[in-house]
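Below: one structure, written as structure tokens.
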Amino acid sequence: MIRLTRLTDYGIMLLTLFARDGRRGMKSARDLAAEAHLPLPTVSKILKLLARSGLLEAHRGVKGGFTLARQPAEIPMSEVISALEGPIGMTECSSEEGNCVIERFCCVRSNWMKINQVVRKALGQITLAEMTHPMPALTTVKWGESRLTAQKG
């Protein structure tokens, strides 16, 4: 199963709290932890990673905290995920070369690279601003018919 870590999920949720308040909404780790119902050490760890990657700006002092470094519409989800997970890769060899002993003999590597490019492109087209708005209920695809139909489920 391909799945983002819980830390990344929490990081995206924390960033949406910033995005909803606008670019200049200063937030402390303690306030964010309370608002998101997450443990303070976890929130602090995530905020440090996001600040180190340039997505957040850290402000020191008694009234310090964090702000978004850019407008939410300028922050693609691919950048957020890379900041928290590292390079986006469906397989080890689809994001970096030289990680697999059978890489030069692999008959599916080029296909994984193509899939990886599509996933990265899709994640790059979704912004933090879009993540602040709930999407309509998902639909599932029913297979086995001569044509595909979507049904709520």
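Naming scheme: A, B, ... for chains in displayed order of the structure tokens; residues 1 onward per chain; ligands 1 onward as shown.
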
* Asked: Residues at most 10 Å from Ser44 (chain A), counting only C-alpha atoms, excluding those fewer than 5 positions away in the same chain, as a PyMOL selection string?
  -> chain A and resi 28-30+32-33+39+49-50

Take the selection from the previous step and output its residues with all heavy atoms, as a short mmCIF file (atom, residue, chain, number, x, y, z; two decimals), in the first residue's frame.
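Final output, selection07.cif:
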```
data_model
loop_
_atom_site.label_atom_id
_atom_site.label_comp_id
_atom_site.auth_asym_id
_atom_site.auth_seq_id
_atom_site.Cartn_x
_atom_site.Cartn_y
_atom_site.Cartn_z
N SER A 28 1.63 29.97 17.35
CA SER A 28 2.65 29.29 18.15
C SER A 28 2.41 27.79 18.08
O SER A 28 1.30 27.34 17.76
CB SER A 28 2.57 29.76 19.61
OG SER A 28 1.40 29.25 20.22
N ALA A 29 3.43 27.04 18.40
CA ALA A 29 3.30 25.58 18.42
C ALA A 29 2.23 25.16 19.42
O ALA A 29 1.41 24.27 19.14
CB ALA A 29 4.64 24.94 18.76
N ARG A 30 2.20 25.81 20.55
CA ARG A 30 1.22 25.48 21.60
C ARG A 30 -0.21 25.74 21.11
O ARG A 30 -1.10 24.91 21.30
CB ARG A 30 1.51 26.30 22.85
CG ARG A 30 0.68 25.89 24.05
CD ARG A 30 1.11 26.58 25.33
NE ARG A 30 2.52 26.47 25.65
CZ ARG A 30 3.12 25.38 26.14
NH1 ARG A 30 2.41 24.31 26.37
NH2 ARG A 30 4.41 25.38 26.40
N LEU A 32 -1.27 25.88 17.99
CA LEU A 32 -1.58 24.92 16.92
C LEU A 32 -1.89 23.54 17.49
O LEU A 32 -2.81 22.86 17.02
CB LEU A 32 -0.41 24.82 15.94
CG LEU A 32 -0.30 25.96 14.94
CD1 LEU A 32 1.07 25.96 14.28
CD2 LEU A 32 -1.40 25.87 13.90
N ALA A 33 -1.12 23.12 18.48
CA ALA A 33 -1.36 21.82 19.10
C ALA A 33 -2.77 21.76 19.69
O ALA A 33 -3.49 20.77 19.53
CB ALA A 33 -0.31 21.54 20.16
N PRO A 39 -0.45 16.30 20.01
CA PRO A 39 0.55 16.50 21.06
C PRO A 39 1.55 17.60 20.67
O PRO A 39 1.99 17.67 19.52
CB PRO A 39 1.26 15.15 21.16
CG PRO A 39 0.42 14.19 20.41
CD PRO A 39 -0.42 14.96 19.44
N LEU A 49 10.45 21.04 10.79
CA LEU A 49 10.69 20.50 9.45
C LEU A 49 10.18 21.46 8.36
O LEU A 49 10.84 21.69 7.36
CB LEU A 49 10.02 19.13 9.29
CG LEU A 49 10.63 17.97 10.05
CD1 LEU A 49 9.70 16.75 10.00
CD2 LEU A 49 11.99 17.62 9.46
N LEU A 50 8.99 22.00 8.58
CA LEU A 50 8.40 22.91 7.59
C LEU A 50 9.17 24.23 7.52
O LEU A 50 9.30 24.80 6.44
CB LEU A 50 6.92 23.15 7.92
CG LEU A 50 6.01 21.93 7.79
CD1 LEU A 50 4.63 22.22 8.36
CD2 LEU A 50 5.92 21.47 6.34
#
```

Tell me which protein, DNA and RNA residues are within 10 Å of region 72-88 of chain A, counting only C-alpha atoms, leaving out same-chain ones fewer than 5 positions away, and put them as a CSV table (one decimal) with C-alpha atoms, in the first residue's frame.
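Dumped to out.csv:
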```
chain,number,residue,atom,x,y,z
A,4,LEU,CA,1.9,9.0,3.5
A,5,THR,CA,3.0,8.9,7.1
A,7,LEU,CA,3.4,13.0,10.4
A,8,THR,CA,2.9,14.2,6.8
A,9,ASP,CA,-0.9,14.1,7.2
A,11,GLY,CA,1.7,18.6,8.7
A,12,ILE,CA,-0.7,19.2,5.9
A,15,LEU,CA,-0.5,24.1,7.2
A,16,THR,CA,-4.2,24.4,6.3
A,18,PHE,CA,-2.2,28.7,8.7
A,19,ALA,CA,-3.7,29.0,5.2
A,20,ARG,CA,-7.2,29.7,6.5
A,22,GLY,CA,-4.1,34.2,5.8
A,23,ARG,CA,-0.3,34.7,5.2
A,46,ILE,CA,6.5,19.2,12.2
A,49,LEU,CA,10.7,20.5,9.4
A,50,LEU,CA,8.4,22.9,7.6
A,51,ALA,CA,10.5,25.9,8.6
A,52,ARG,CA,13.7,24.2,7.6
A,53,SER,CA,12.3,23.5,4.2
A,54,GLY,CA,11.2,27.1,3.8
A,55,LEU,CA,7.5,26.6,3.9
A,94,SER,CA,11.8,6.0,-9.4
A,95,SER,CA,13.0,9.1,-7.6
A,96,GLU,CA,16.8,8.4,-7.3
A,116,ASN,CA,6.1,8.6,-10.5
A,117,GLN,CA,6.2,11.6,-12.9
A,119,VAL,CA,2.0,11.4,-9.4
A,120,ARG,CA,4.4,14.3,-8.8
A,121,LYS,CA,2.7,16.4,-11.5
A,122,ALA,CA,-0.7,15.8,-9.9
A,123,LEU,CA,0.6,16.7,-6.5
A,124,GLY,CA,2.2,19.8,-8.0
A,125,GLN,CA,-1.1,21.0,-9.4
A,126,ILE,CA,-2.9,20.9,-6.0
A,127,THR,CA,-2.1,23.9,-3.7
A,128,LEU,CA,-2.3,24.5,0.0
A,129,ALA,CA,-5.1,26.9,-0.8
A,130,GLU,CA,-7.2,24.2,-2.4
A,131,MET,CA,-6.6,21.9,0.7
A,132,THR,CA,-8.4,24.4,2.9
```

* Asked: Which residue gives the smallest distance to Lys114 (chain A) among A:Leu40, A:Leu14, A:Ile102, A:Cys93, with only C-alpha atoms counted?
  ->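 Looking at the shortest contact to Lys114 (chain A), the residue is A:Cys93.
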
* **Distance criterion (only C-alpha atoms): nearest to Val118 (chain A) out of A:Val43, A:Met13, A:Ala36, A:Met90** => A:Met90

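For chain A, a DSSP pass over the backbone yields strand (DSSP E) at Leu56, Glu57, Ala58, His59, Gly65, Phe66, Thr67, Leu68, Thr139, Thr140, Val141, Lys142, Thr149, Ala150, Gln151 and Lys152 of chain A.
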
* Asked: When distances are computed from only C-alpha atoms, which of A:Ala34, A:Ile115, A:Arg6, A:Asp21 shows the smallest separation from Gln71 (chain A)?
  ->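 Checking each of A:Ala34, A:Ile115, A:Arg6, A:Asp21 against Gln71 (chain A), counting only C-alpha atoms, the winner is A:Asp21.
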